[in-house]
There are 2 protein chains.
Amino acid sequence: MKVTIHDIARLAGVSKSTVSAVLNDNPLIKDETKARVREAMKKLDYRPNELARALARKQTKTIGLIIKEIDNPYFARITSGVYDYANKEGYTVLLGSSELKPLQEQETLNVLLSKKVDGLIISSLKDNGGFSHLLELKRRNVPFVLLDTIDMLPTNGVDVDNVQVGFMAVDFLLQKGHRRIGYLAGPDHSLHSVQRLQGYKMAHNRHGTPVQDAYVVPAGSYIEDGFRAGKTLTEMPATTRPTAVYCFNDQVALGAISSLRKAGIKIPEDMAVVGTDDTPLATAAFPPLTTIHIPIYEIGRRAAALLIKQIQQKENPLNEKIVLEASLVERDSA
Amino acid sequence: MKVTIHDIARLAGVSKSTVSAVLNDNPLIKDETKARVREAMKKLDYRPNELARALARKQTKTIGLIIKEIDNPYFARITSGVYDYANKEGYTVLLGSSELKPLQEQETLNVLLSKKVDGLIISSLKDNGGFSHLLELKRRNVPFVLLDTIDMLPTNGVDVDNVQVGFMAVDFLLQKGHRRIGYLAGPDHSLHSVQRLQGYKMAHNRHGTPVQDAYVVPAGSYIEDGFRAGKTLTEMPATTRPTAVYCFNDQVALGAISSLRKAGIKIPEDMAVVGTDDTPLATAAFPPLTTIHIPIYEIGRRAAALLIKQIQQKENPLNEKIVLEASLVERDSA
DNA sequence: ATGAAAGCGCTAACAA
DNA sequence: TTGTTAGCGCTTTCAT
């Protein structure tokens, strides 16, 4: 039933080692022998058992990717980028998700490690025991790349500058004359969200405008979260309610717009809305969304590239922090 | 550096087999011994090498999932369902995507097979050499579950009835009095899309309304595809242009609406729009989308459940076709 | 240019 | 109740 190098060896009249050598295209093997072996492989429809290879070689040609939410366009894009690059380089990727739960991040990490991935790309949750699991990786010399910028950690990472992102969005709004600006925050444990909030505050300071805590409302990352948070906004008295709102991502923005509209609030006249990510959603929204463009796919690609580079030269650990450019795209919602 | 059962055995003063037995929680081992072994494991921070286990056991506790597009909310939902169920059952899932390319489906399949997954869930492309690769799986006795209904194939599958889905949508439109109805079709090779088209035609027949080939315009599955296809619609003379359009999915519908609106066409007055899937997008769209609800997450879960069931009883191949219910959700776009 | 032998880390009879 | 002995399918020195 299952054919192994042993069978091939017998059929081709050579030894197992020769078959193995052919498998790895070892130049020492005579062409004629190679041909004969390969023919035997064809004939028996031989397929190498990658498990066995991995065990012997001590490398799986597999990388692990841990994201926060499977069901989130941002991570779908990241995943695309990672897959494209990894596959091109002959790596398989094992996808796991913490679904925003620190514990699950840890568990997922353990599973991937026991599957012996050659390295990991991680979108880590903040406050996960102070990133001790990442330090542990470092200690064990497991190559990994982060999808966040964690300054205090001497690790590889690919990301945009999210403080800058938040700043850009809110500065834009302030320049347009808004003085009461809301922030629909991302999920708990999201570093990106707190960094953008930091930018939000920085922009306020820069303009000498006081920050109002009530204007920062926790939302999340899904359309429904935006919808709910938008409702919170509509429930504020019109005279003190924000005249503009910056959202953690386009989905939240879309949800917010939807509940705002339902409440008869006009976008952008009564309330300007700025999103983040610049997903296709942004163009198709009504009104089309002003948003911060983030090169998501590219982040994924670069992360994979960096990881694979790190894997190939495991001896000397890199410490590259790649920071990609974000930019504001003005459309009609603000 | 890397600790194995051998190290544990030495430290605990037992044999490797005993350690292995403890690892598998074999009831024959005395509690006291277990305790001692486990302590040794803690002490050395032992982590079983799943690769080695898999090789010896001939099962990886890993299932493969092949989707069509990573970057598509439909498959994100499916993936969620599969992951949740699989993880709960102690399975890891290896995700691959054909990205709509039949060749890549084949390659992805090969990679997953060489990684020795215990079984597969596949959203297969149509016309892939007449599904010969699936028959091949059958022949090799690899458990798998399809995410499509392929009647001629004696295989496991979980899906809604997509002919029925198309019928439902178009029948609804016809009952509303529309006589010129468009169909924005899905990607090439999408079985779902052709099945829905079949339903589209059935509904027309049922109402004695002739089908106009020009009203069937190829779109795809992304917002941009809908946008482009919508434009095609706007370029038709207003007098012969469809008064309603049924879309392959909500994203396409959203894109279409966006280009229709740009052309000054009012939804639903000038053109009614019906989507498919009932993703959160549908609620947040403007106007909120009338669409066919599909229990996507549930499809994923059930597929995983069926596959795992099939894996556990590999001897007698099942042939279960699970058909879930779809339903029309009326909102404002039609 | 090819083969023999040992081993990767674990499981699985079978003994003891 | 635990240890011994073979593998699982492949790679990798080291001989020849």
# chains A, B, ... in the order shown; residues from 1 in each chain; ligands from 1

$ calpha_fit_and_write --fixed "chain A" --moving "chain B" --output "short mmCIF file (atom, residue, chain, number, x, y, z; two decimals) with C-alpha atoms, in the first residue's frame"
data_model
loop_
_atom_site.label_atom_id
_atom_site.label_comp_id
_atom_site.auth_asym_id
_atom_site.auth_seq_id
_atom_site.Cartn_x
_atom_site.Cartn_y
_atom_site.Cartn_z
CA MET B 1 0.15 -0.15 0.09
CA LYS B 2 2.54 2.55 1.25
CA VAL B 3 5.74 2.67 -0.69
CA THR B 4 8.98 3.79 0.95
CA ILE B 5 12.53 4.36 -0.18
CA HIS B 6 13.12 0.75 0.65
CA ASP B 7 10.74 -0.36 -2.07
CA ILE B 8 12.26 2.06 -4.52
CA ALA B 9 15.72 0.84 -3.66
CA ARG B 10 14.79 -2.74 -4.32
CA LEU B 11 13.04 -2.00 -7.58
CA ALA B 12 15.87 0.19 -8.85
CA GLY B 13 18.51 -2.19 -7.60
CA VAL B 14 20.32 0.36 -5.43
CA SER B 15 20.62 1.11 -1.74
CA LYS B 16 18.30 3.20 0.36
CA SER B 17 20.94 5.88 0.73
CA THR B 18 21.16 6.22 -3.00
CA VAL B 19 17.45 6.70 -3.20
CA SER B 20 17.68 9.30 -0.50
CA ALA B 21 20.46 11.02 -2.36
CA VAL B 22 18.37 11.10 -5.52
CA LEU B 23 15.51 12.51 -3.52
CA ASN B 24 17.73 15.36 -2.47
CA ASP B 25 19.12 15.69 -5.94
CA ASN B 26 22.64 15.01 -4.75
CA PRO B 27 25.03 15.86 -7.61
CA LEU B 28 27.30 12.97 -6.75
CA ILE B 29 24.84 10.46 -8.12
CA LYS B 30 25.34 9.42 -11.69
CA ASP B 31 22.66 10.69 -14.03
CA GLU B 32 21.87 7.25 -15.23
CA THR B 33 21.30 6.01 -11.70
CA LYS B 34 19.14 9.00 -10.95
CA ALA B 35 17.05 8.26 -13.96
CA ARG B 36 16.59 4.66 -12.96
CA VAL B 37 15.63 5.58 -9.43
CA ARG B 38 13.23 8.24 -10.53
CA GLU B 39 11.60 5.85 -12.87
CA ALA B 40 11.04 3.46 -10.04
CA MET B 41 9.50 6.29 -8.07
CA LYS B 42 7.11 7.09 -10.88
CA LYS B 43 6.23 3.48 -11.28
CA LEU B 44 5.32 2.96 -7.67
CA ASP B 45 3.85 6.44 -7.28
CA TYR B 46 6.25 7.10 -4.46
CA ARG B 47 5.69 10.07 -2.16
CA PRO B 48 8.30 10.96 0.40
CA ASN B 49 7.10 10.98 3.97
CA GLU B 50 7.89 14.51 5.09
CA LEU B 51 7.45 13.50 8.68
CA ALA B 52 10.29 11.04 8.49
CA ARG B 53 12.44 13.51 6.62
CA ALA B 54 11.77 16.18 9.18
CA LEU B 55 12.62 13.88 12.04
CA ALA B 56 15.91 12.91 10.52
CA ARG B 57 16.86 16.35 9.32
CA LYS B 58 15.66 18.25 12.32
CA GLN B 59 13.79 20.74 10.29
CA THR B 60 10.23 20.67 9.11
CA LYS B 61 10.19 23.36 6.47
CA THR B 62 7.13 24.58 8.26
CA ILE B 63 6.61 27.91 9.95
CA GLY B 64 3.95 28.77 12.47
CA LEU B 65 1.78 31.85 12.24
CA ILE B 66 -0.18 32.97 15.27
CA ILE B 67 -2.78 35.61 14.67
CA LYS B 68 -5.40 37.15 16.92
CA GLU B 69 -8.56 36.49 14.96
CA ILE B 70 -9.06 34.14 12.07
CA ASP B 71 -12.16 35.92 11.10
CA ASN B 72 -10.73 39.38 10.55
CA PRO B 73 -9.81 40.89 7.20
CA TYR B 74 -6.65 42.40 8.61
CA PHE B 75 -5.26 39.02 9.54
CA ALA B 76 -6.59 37.44 6.39
CA ARG B 77 -4.43 39.87 4.47
CA ILE B 78 -1.44 39.22 6.70
CA THR B 79 -1.94 35.52 6.25
CA SER B 80 -2.05 35.92 2.50
CA GLY B 81 1.25 37.71 2.51
CA VAL B 82 2.86 35.14 4.74
CA TYR B 83 1.56 32.21 2.71
CA ASP B 84 2.63 33.65 -0.61
CA TYR B 85 6.17 34.26 0.48
CA ALA B 86 6.53 31.10 2.50
CA ASN B 87 5.14 28.82 -0.17
CA LYS B 88 7.38 30.40 -2.76
CA GLU B 89 10.31 29.47 -0.54
CA GLY B 90 9.07 25.93 -0.09
CA TYR B 91 7.74 26.41 3.40
CA THR B 92 4.38 25.27 4.65
CA VAL B 93 2.61 27.41 7.19
CA LEU B 94 0.77 26.19 10.20
CA LEU B 95 -1.83 28.76 11.18
CA GLY B 96 -3.02 29.24 14.72
CA SER B 97 -5.09 31.89 16.40
CA SER B 98 -5.34 33.15 19.94
CA GLU B 99 -8.81 34.55 19.30
CA LEU B 100 -7.78 37.39 21.60
CA LYS B 101 -7.28 35.10 24.57
CA PRO B 102 -3.81 35.28 26.12
CA LEU B 103 -4.12 31.75 27.41
CA GLN B 104 -4.98 30.44 24.01
CA GLU B 105 -2.00 32.25 22.55
CA GLN B 106 0.19 30.32 24.92
CA GLU B 107 -1.50 27.02 24.10
CA THR B 108 -1.35 27.60 20.39
CA LEU B 109 2.30 28.44 20.73
CA ASN B 110 2.90 25.17 22.56
CA VAL B 111 1.12 23.14 19.94
CA LEU B 112 3.10 24.72 17.13
CA LEU B 113 6.33 24.18 18.99
CA SER B 114 5.57 20.52 19.59
CA LYS B 115 4.89 20.22 15.89
CA LYS B 116 8.46 21.43 15.53
CA VAL B 117 7.92 24.42 13.30
CA ASP B 118 11.19 25.94 12.14
CA GLY B 119 10.11 29.37 13.29
CA LEU B 120 7.16 31.55 14.17
CA ILE B 121 5.42 34.74 13.19
CA ILE B 122 3.37 36.06 16.07
CA SER B 123 0.82 38.76 16.53
CA SER B 124 1.08 38.75 20.28
CA LEU B 125 -1.38 39.93 22.85
CA LYS B 126 -0.17 42.50 25.27
CA ASP B 127 0.05 41.77 28.98
CA ASN B 128 0.51 38.12 28.42
CA GLY B 129 2.52 37.71 31.58
CA GLY B 130 4.76 40.47 30.33
CA PHE B 131 5.69 38.64 27.15
CA SER B 132 7.47 36.00 29.13
CA HIS B 133 6.53 33.43 26.53
CA LEU B 134 8.42 35.42 23.93
CA LEU B 135 11.48 35.70 26.11
CA GLU B 136 11.22 31.96 26.57
CA LEU B 137 11.35 31.53 22.80
CA LYS B 138 14.38 33.71 22.68
CA ARG B 139 16.04 31.67 25.39
CA ARG B 140 15.30 28.45 23.58
CA ASN B 141 16.69 29.95 20.44
CA VAL B 142 13.52 29.53 18.38
CA PRO B 143 13.48 32.00 15.49
CA PHE B 144 10.48 34.30 15.51
CA VAL B 145 9.20 37.57 14.12
CA LEU B 146 6.63 39.80 15.76
CA LEU B 147 3.80 41.59 14.00
CA ASP B 148 3.92 44.36 16.54
CA THR B 149 6.51 46.81 17.63
CA ILE B 150 7.50 46.00 21.16
CA ASP B 151 10.29 48.42 21.82
CA MET B 152 11.55 46.95 25.04
CA LEU B 153 11.95 43.56 23.42
CA PRO B 154 15.10 42.82 21.43
CA THR B 155 13.36 40.88 18.70
CA ASN B 156 12.58 40.87 15.03
CA GLY B 157 9.44 42.68 14.05
CA VAL B 158 7.57 44.04 11.08
CA ASP B 159 4.93 46.69 11.50
CA VAL B 160 3.94 50.26 10.85
CA ASP B 161 4.45 52.85 13.54
CA ASN B 162 1.09 52.75 15.22
CA VAL B 163 1.62 55.74 17.42
CA GLN B 164 2.24 57.63 14.24
CA VAL B 165 -0.89 56.11 12.71
CA GLY B 166 -3.08 57.37 15.53
CA PHE B 167 -1.36 60.70 15.43
CA MET B 168 -1.87 61.08 11.71
CA ALA B 169 -5.57 60.41 11.88
CA VAL B 170 -6.30 62.67 14.80
CA ASP B 171 -3.99 65.42 13.69
CA PHE B 172 -5.91 65.47 10.42
CA LEU B 173 -9.16 65.84 12.29
CA LEU B 174 -7.80 68.57 14.54
CA GLN B 175 -6.52 70.48 11.55
CA LYS B 176 -9.98 70.30 10.08
CA GLY B 177 -11.10 72.21 13.13
CA HIS B 178 -12.58 69.43 15.21
CA ARG B 179 -12.12 69.86 18.94
CA ARG B 180 -14.23 67.02 20.26
CA ILE B 181 -12.81 63.84 18.85
CA GLY B 182 -13.72 60.32 19.83
CA TYR B 183 -11.68 57.14 19.60
CA LEU B 184 -13.33 53.80 19.07
CA ALA B 185 -10.68 51.56 20.54
CA GLY B 186 -9.71 48.06 19.46
CA PRO B 187 -9.95 44.86 21.46
CA ASP B 188 -8.39 44.44 24.88
CA HIS B 189 -4.82 43.26 24.78
CA SER B 190 -4.29 44.96 21.43
CA LEU B 191 -0.98 46.72 21.43
CA HIS B 192 -1.93 48.45 18.20
CA SER B 193 -4.93 49.96 19.85
CA VAL B 194 -3.04 51.40 22.81
CA GLN B 195 -0.33 52.72 20.54
CA ARG B 196 -2.88 54.49 18.41
CA LEU B 197 -4.46 55.91 21.50
CA GLN B 198 -1.06 57.23 22.39
CA GLY B 199 -0.93 58.93 19.00
CA TYR B 200 -4.42 60.25 19.59
CA LYS B 201 -3.21 61.89 22.78
CA MET B 202 -0.02 63.19 21.22
CA ALA B 203 -1.99 64.92 18.52
CA HIS B 204 -4.23 66.54 21.10
CA ASN B 205 -1.23 67.78 23.03
CA ARG B 206 0.39 69.12 19.94
CA HIS B 207 -2.71 71.19 19.26
CA GLY B 208 -3.18 72.15 22.88
CA THR B 209 -6.54 70.44 22.92
CA PRO B 210 -7.48 68.61 26.12
CA VAL B 211 -8.24 64.92 25.90
CA GLN B 212 -11.65 63.85 27.17
CA ASP B 213 -11.63 60.36 28.60
CA ALA B 214 -15.32 59.92 27.90
CA TYR B 215 -14.58 60.17 24.20
CA VAL B 216 -12.49 57.06 24.24
CA VAL B 217 -14.94 54.22 23.91
CA PRO B 218 -13.93 50.56 23.82
CA ALA B 219 -15.13 48.87 20.67
CA GLY B 220 -13.24 45.92 19.25
CA SER B 221 -12.42 44.90 15.72
CA TYR B 222 -15.66 43.73 14.18
CA ILE B 223 -18.47 45.55 12.43
CA GLU B 224 -20.77 44.72 15.31
CA ASP B 225 -18.31 46.27 17.75
CA GLY B 226 -18.37 49.45 15.75
CA PHE B 227 -22.11 49.38 15.65
CA ARG B 228 -22.33 49.09 19.40
CA ALA B 229 -19.72 51.77 20.03
CA GLY B 230 -21.43 54.04 17.54
CA LYS B 231 -24.58 53.72 19.57
CA THR B 232 -22.72 54.88 22.65
CA LEU B 233 -21.81 57.97 20.69
CA THR B 234 -25.37 58.64 19.63
CA GLU B 235 -26.48 58.45 23.22
CA MET B 236 -24.32 61.38 24.19
CA PRO B 237 -26.03 64.80 24.15
CA ALA B 238 -25.58 66.40 20.76
CA THR B 239 -23.95 69.46 22.26
CA THR B 240 -21.08 67.63 23.91
CA ARG B 241 -20.88 64.63 21.63
CA PRO B 242 -17.73 64.33 19.52
CA THR B 243 -17.90 65.92 16.09
CA ALA B 244 -15.43 63.43 14.75
CA VAL B 245 -14.32 59.92 15.58
CA TYR B 246 -11.24 57.91 14.82
CA CYS B 247 -11.76 54.15 14.59
CA PHE B 248 -9.51 51.21 15.30
CA ASN B 249 -10.19 49.78 11.87
CA ASP B 250 -12.42 50.08 8.83
CA GLN B 251 -14.84 47.51 10.09
CA VAL B 252 -15.45 49.38 13.28
CA ALA B 253 -15.81 52.55 11.26
CA LEU B 254 -18.37 50.91 9.03
CA GLY B 255 -20.34 49.63 11.98
CA ALA B 256 -20.24 53.03 13.62
CA ILE B 257 -21.40 54.77 10.49
CA SER B 258 -24.25 52.37 10.24
CA SER B 259 -25.52 53.08 13.74
CA LEU B 260 -24.85 56.79 13.42
CA ARG B 261 -26.90 56.91 10.25
CA LYS B 262 -29.67 54.96 11.91
CA ALA B 263 -29.76 57.70 14.55
CA GLY B 264 -30.06 60.36 11.88
CA ILE B 265 -26.55 61.65 12.30
CA LYS B 266 -25.07 62.80 9.01
CA ILE B 267 -21.60 61.75 7.94
CA PRO B 268 -19.42 63.78 7.69
CA GLU B 269 -21.50 66.90 8.44
CA ASP B 270 -22.59 65.92 11.94
CA MET B 271 -19.78 63.55 12.58
CA ALA B 272 -16.60 62.92 10.67
CA VAL B 273 -15.32 59.35 10.67
CA VAL B 274 -11.81 58.12 10.04
CA GLY B 275 -10.97 54.43 9.81
CA THR B 276 -7.77 52.42 9.75
CA ASP B 277 -6.36 49.82 7.33
CA ASP B 278 -7.79 50.96 4.02
CA THR B 279 -9.36 47.62 3.20
CA PRO B 280 -11.59 47.37 0.11
CA LEU B 281 -14.44 48.00 2.50
CA ALA B 282 -13.31 51.59 2.80
CA THR B 283 -13.93 52.36 -0.85
CA ALA B 284 -17.23 50.57 -0.97
CA ALA B 285 -18.61 52.13 2.19
CA PHE B 286 -21.11 54.93 2.06
CA PRO B 287 -19.83 57.49 2.31
CA PRO B 288 -16.45 56.23 1.14
CA LEU B 289 -14.17 56.09 4.12
CA THR B 290 -11.31 58.40 4.90
CA THR B 291 -8.81 56.06 6.44
CA ILE B 292 -5.20 55.33 7.19
CA HIS B 293 -3.68 53.07 4.60
CA ILE B 294 -1.65 50.21 6.03
CA PRO B 295 0.38 47.93 3.77
CA ILE B 296 -1.01 44.83 5.40
CA TYR B 297 -0.13 42.27 2.78
CA GLU B 298 3.37 43.63 2.65
CA ILE B 299 3.71 43.32 6.40
CA GLY B 300 2.90 39.64 6.03
CA ARG B 301 5.37 39.13 3.21
CA ARG B 302 8.17 40.94 4.93
CA ALA B 303 7.57 39.08 8.15
CA ALA B 304 7.84 35.77 6.31
CA ALA B 305 10.96 36.95 4.52
CA LEU B 306 12.58 38.07 7.72
CA LEU B 307 11.69 34.87 9.51
CA ILE B 308 13.05 32.66 6.78
CA LYS B 309 16.21 34.69 6.68
CA GLN B 310 16.50 34.22 10.42
CA ILE B 311 15.92 30.51 10.09
CA GLN B 312 18.66 30.09 7.52
CA GLN B 313 21.19 31.71 9.80
CA LYS B 314 20.04 30.51 13.13
CA GLU B 315 23.47 31.00 14.71
CA ASN B 316 23.53 34.76 14.90
CA PRO B 317 20.10 36.00 15.94
CA LEU B 318 18.97 39.03 14.03
CA ASN B 319 17.27 41.93 15.67
CA GLU B 320 15.62 43.69 12.78
CA LYS B 321 12.70 45.98 13.28
CA ILE B 322 11.15 46.74 9.93
CA VAL B 323 8.84 49.73 9.99
CA LEU B 324 6.62 50.21 6.96
CA GLU B 325 4.93 53.44 5.95
CA ALA B 326 1.30 54.22 6.62
CA SER B 327 -0.50 57.12 4.97
CA LEU B 328 -3.77 58.95 5.17
CA VAL B 329 -6.25 58.43 2.34
CA GLU B 330 -8.84 61.16 2.22
CA ARG B 331 -12.25 60.21 0.91
CA ASP B 332 -15.68 61.45 1.94
CA SER B 333 -16.30 60.43 5.52
CA ALA B 334 -14.09 63.12 6.99
#

$ atom_distance --atom1 "atom C1' of D:DA6" --atom2 "atom C1' of C:DA16"
17.0 Å

$ select_by_dssp --residues "stretch 17-145 of chain A" --states "helix (DSSP H, G or I)" --output "PyMOL selection string"
chain A and resi 17-23+31-44+50-57+73-88+102-114+132-139

$ write_last_selection --atoms "C-alpha atoms" --output "mmCIF file, in the first residue's frame"
data_model
loop_
_atom_site.group_PDB
_atom_site.id
_atom_site.type_symbol
_atom_site.label_atom_id
_atom_site.label_comp_id
_atom_site.auth_asym_id
_atom_site.auth_seq_id
_atom_site.Cartn_x
_atom_site.Cartn_y
_atom_site.Cartn_z
ATOM 1 C CA SER A 17 20.926 5.623 0.760
ATOM 2 C CA THR A 18 21.131 6.014 -2.977
ATOM 3 C CA VAL A 19 17.427 6.589 -3.198
ATOM 4 C CA SER A 20 17.706 9.158 -0.469
ATOM 5 C CA ALA A 21 20.531 10.835 -2.312
ATOM 6 C CA VAL A 22 18.465 10.982 -5.470
ATOM 7 C CA LEU A 23 15.616 12.448 -3.492
ATOM 8 C CA ASP A 31 22.787 10.513 -13.997
ATOM 9 C CA GLU A 32 21.932 7.106 -15.223
ATOM 10 C CA THR A 33 21.308 5.858 -11.708
ATOM 11 C CA LYS A 34 19.212 8.886 -10.944
ATOM 12 C CA ALA A 35 17.109 8.215 -13.979
ATOM 13 C CA ARG A 36 16.562 4.623 -12.993
ATOM 14 C CA VAL A 37 15.603 5.554 -9.447
ATOM 15 C CA ARG A 38 13.266 8.280 -10.549
ATOM 16 C CA GLU A 39 11.597 5.933 -12.922
ATOM 17 C CA ALA A 40 10.980 3.521 -10.089
ATOM 18 C CA MET A 41 9.469 6.385 -8.122
ATOM 19 C CA LYS A 42 7.119 7.246 -10.942
ATOM 20 C CA LYS A 43 6.161 3.646 -11.380
ATOM 21 C CA LEU A 44 5.249 3.108 -7.754
ATOM 22 C CA GLU A 50 7.898 14.538 5.096
ATOM 23 C CA LEU A 51 7.436 13.516 8.686
ATOM 24 C CA ALA A 52 10.245 11.032 8.498
ATOM 25 C CA ARG A 53 12.427 13.486 6.656
ATOM 26 C CA ALA A 54 11.756 16.151 9.219
ATOM 27 C CA LEU A 55 12.580 13.814 12.066
ATOM 28 C CA ALA A 56 15.887 12.828 10.548
ATOM 29 C CA ARG A 57 16.860 16.268 9.378
ATOM 30 C CA PRO A 73 -9.780 40.913 7.197
ATOM 31 C CA TYR A 74 -6.622 42.433 8.606
ATOM 32 C CA PHE A 75 -5.227 39.059 9.551
ATOM 33 C CA ALA A 76 -6.561 37.471 6.397
ATOM 34 C CA ARG A 77 -4.403 39.909 4.489
ATOM 35 C CA ILE A 78 -1.409 39.249 6.711
ATOM 36 C CA THR A 79 -1.911 35.545 6.253
ATOM 37 C CA SER A 80 -2.022 35.949 2.491
ATOM 38 C CA GLY A 81 1.270 37.733 2.516
ATOM 39 C CA VAL A 82 2.885 35.164 4.746
ATOM 40 C CA TYR A 83 1.593 32.232 2.713
ATOM 41 C CA ASP A 84 2.648 33.681 -0.594
ATOM 42 C CA TYR A 85 6.181 34.280 0.487
ATOM 43 C CA ALA A 86 6.564 31.111 2.520
ATOM 44 C CA ASN A 87 5.173 28.848 -0.158
ATOM 45 C CA LYS A 88 7.381 30.426 -2.731
ATOM 46 C CA PRO A 102 -3.758 35.295 26.135
ATOM 47 C CA LEU A 103 -4.078 31.765 27.425
ATOM 48 C CA GLN A 104 -4.939 30.469 24.016
ATOM 49 C CA GLU A 105 -1.964 32.274 22.563
ATOM 50 C CA GLN A 106 0.232 30.339 24.921
ATOM 51 C CA GLU A 107 -1.451 27.049 24.096
ATOM 52 C CA THR A 108 -1.300 27.636 20.386
ATOM 53 C CA LEU A 109 2.337 28.459 20.736
ATOM 54 C CA ASN A 110 2.953 25.194 22.550
ATOM 55 C CA VAL A 111 1.159 23.171 19.930
ATOM 56 C CA LEU A 112 3.139 24.753 17.140
ATOM 57 C CA LEU A 113 6.370 24.197 19.001
ATOM 58 C CA SER A 114 5.613 20.546 19.588
ATOM 59 C CA SER A 132 7.503 35.997 29.133
ATOM 60 C CA HIS A 133 6.570 33.421 26.526
ATOM 61 C CA LEU A 134 8.450 35.429 23.949
ATOM 62 C CA LEU A 135 11.519 35.694 26.129
ATOM 63 C CA GLU A 136 11.266 31.960 26.575
ATOM 64 C CA LEU A 137 11.377 31.541 22.804
ATOM 65 C CA LYS A 138 14.422 33.723 22.700
ATOM 66 C CA ARG A 139 16.077 31.663 25.400
#

$ interface_residues --of "chain C" --to "chain B" --cutoff "12 Å" --atoms "only C-alpha atoms (C1' of nucleotides)" --output "list in words"
DC8, DG9, DC10, DT11, DA12 and DA13 of chain C

$ interface_residues --of "chain D" --to "chain B" --cutoff "10 Å" --atoms "only C-alpha atoms (C1' of nucleotides)" --output "JSON, numbers by chain"
{"D": [1, 2, 3, 4, 7, 8, 9]}

$ select_by_dssp --residues "stretch 110-288 of chain A" --states "strand (DSSP E or B)" --output "PyMOL selection string"
chain A and resi 119-122+144-146+156-160+181-185+216-218+244-247+272-277

$ decode --residues "stretch 42-75 of chain A" --atoms "C-alpha atoms" --output "PDB file, in the first residue's frame"
ATOM      1  CA  LYS A  42       7.119   7.246 -10.942  1.00  0.00           C
ATOM      2  CA  LYS A  43       6.161   3.646 -11.380  1.00  0.00           C
ATOM      3  CA  LEU A  44       5.249   3.108  -7.754  1.00  0.00           C
ATOM      4  CA  ASP A  45       3.826   6.604  -7.353  1.00  0.00           C
ATOM      5  CA  TYR A  46       6.221   7.217  -4.521  1.00  0.00           C
ATOM      6  CA  ARG A  47       5.697  10.174  -2.195  1.00  0.00           C
ATOM      7  CA  PRO A  48       8.312  11.014   0.390  1.00  0.00           C
ATOM      8  CA  ASN A  49       7.088  11.036   3.952  1.00  0.00           C
ATOM      9  CA  GLU A  50       7.898  14.538   5.096  1.00  0.00           C
ATOM     10  CA  LEU A  51       7.436  13.516   8.686  1.00  0.00           C
ATOM     11  CA  ALA A  52      10.245  11.032   8.498  1.00  0.00           C
ATOM     12  CA  ARG A  53      12.427  13.486   6.656  1.00  0.00           C
ATOM     13  CA  ALA A  54      11.756  16.151   9.219  1.00  0.00           C
ATOM     14  CA  LEU A  55      12.580  13.814  12.066  1.00  0.00           C
ATOM     15  CA  ALA A  56      15.887  12.828  10.548  1.00  0.00           C
ATOM     16  CA  ARG A  57      16.860  16.268   9.378  1.00  0.00           C
ATOM     17  CA  LYS A  58      15.640  18.197  12.360  1.00  0.00           C
ATOM     18  CA  GLN A  59      13.799  20.712  10.319  1.00  0.00           C
ATOM     19  CA  THR A  60      10.257  20.674   9.108  1.00  0.00           C
ATOM     20  CA  LYS A  61      10.230  23.375   6.467  1.00  0.00           C
ATOM     21  CA  THR A  62       7.161  24.605   8.268  1.00  0.00           C
ATOM     22  CA  ILE A  63       6.644  27.937   9.957  1.00  0.00           C
ATOM     23  CA  GLY A  64       3.982  28.795  12.491  1.00  0.00           C
ATOM     24  CA  LEU A  65       1.811  31.883  12.249  1.00  0.00           C
ATOM     25  CA  ILE A  66      -0.134  33.007  15.284  1.00  0.00           C
ATOM     26  CA  ILE A  67      -2.741  35.649  14.661  1.00  0.00           C
ATOM     27  CA  LYS A  68      -5.375  37.174  16.918  1.00  0.00           C
ATOM     28  CA  GLU A  69      -8.537  36.512  14.958  1.00  0.00           C
ATOM     29  CA  ILE A  70      -9.033  34.157  12.073  1.00  0.00           C
ATOM     30  CA  ASP A  71     -12.139  35.952  11.088  1.00  0.00           C
ATOM     31  CA  ASN A  72     -10.684  39.393  10.550  1.00  0.00           C
ATOM     32  CA  PRO A  73      -9.780  40.913   7.197  1.00  0.00           C
ATOM     33  CA  TYR A  74      -6.622  42.433   8.606  1.00  0.00           C
ATOM     34  CA  PHE A  75      -5.227  39.059   9.551  1.00  0.00           C
TER      35      PHE A  75
END
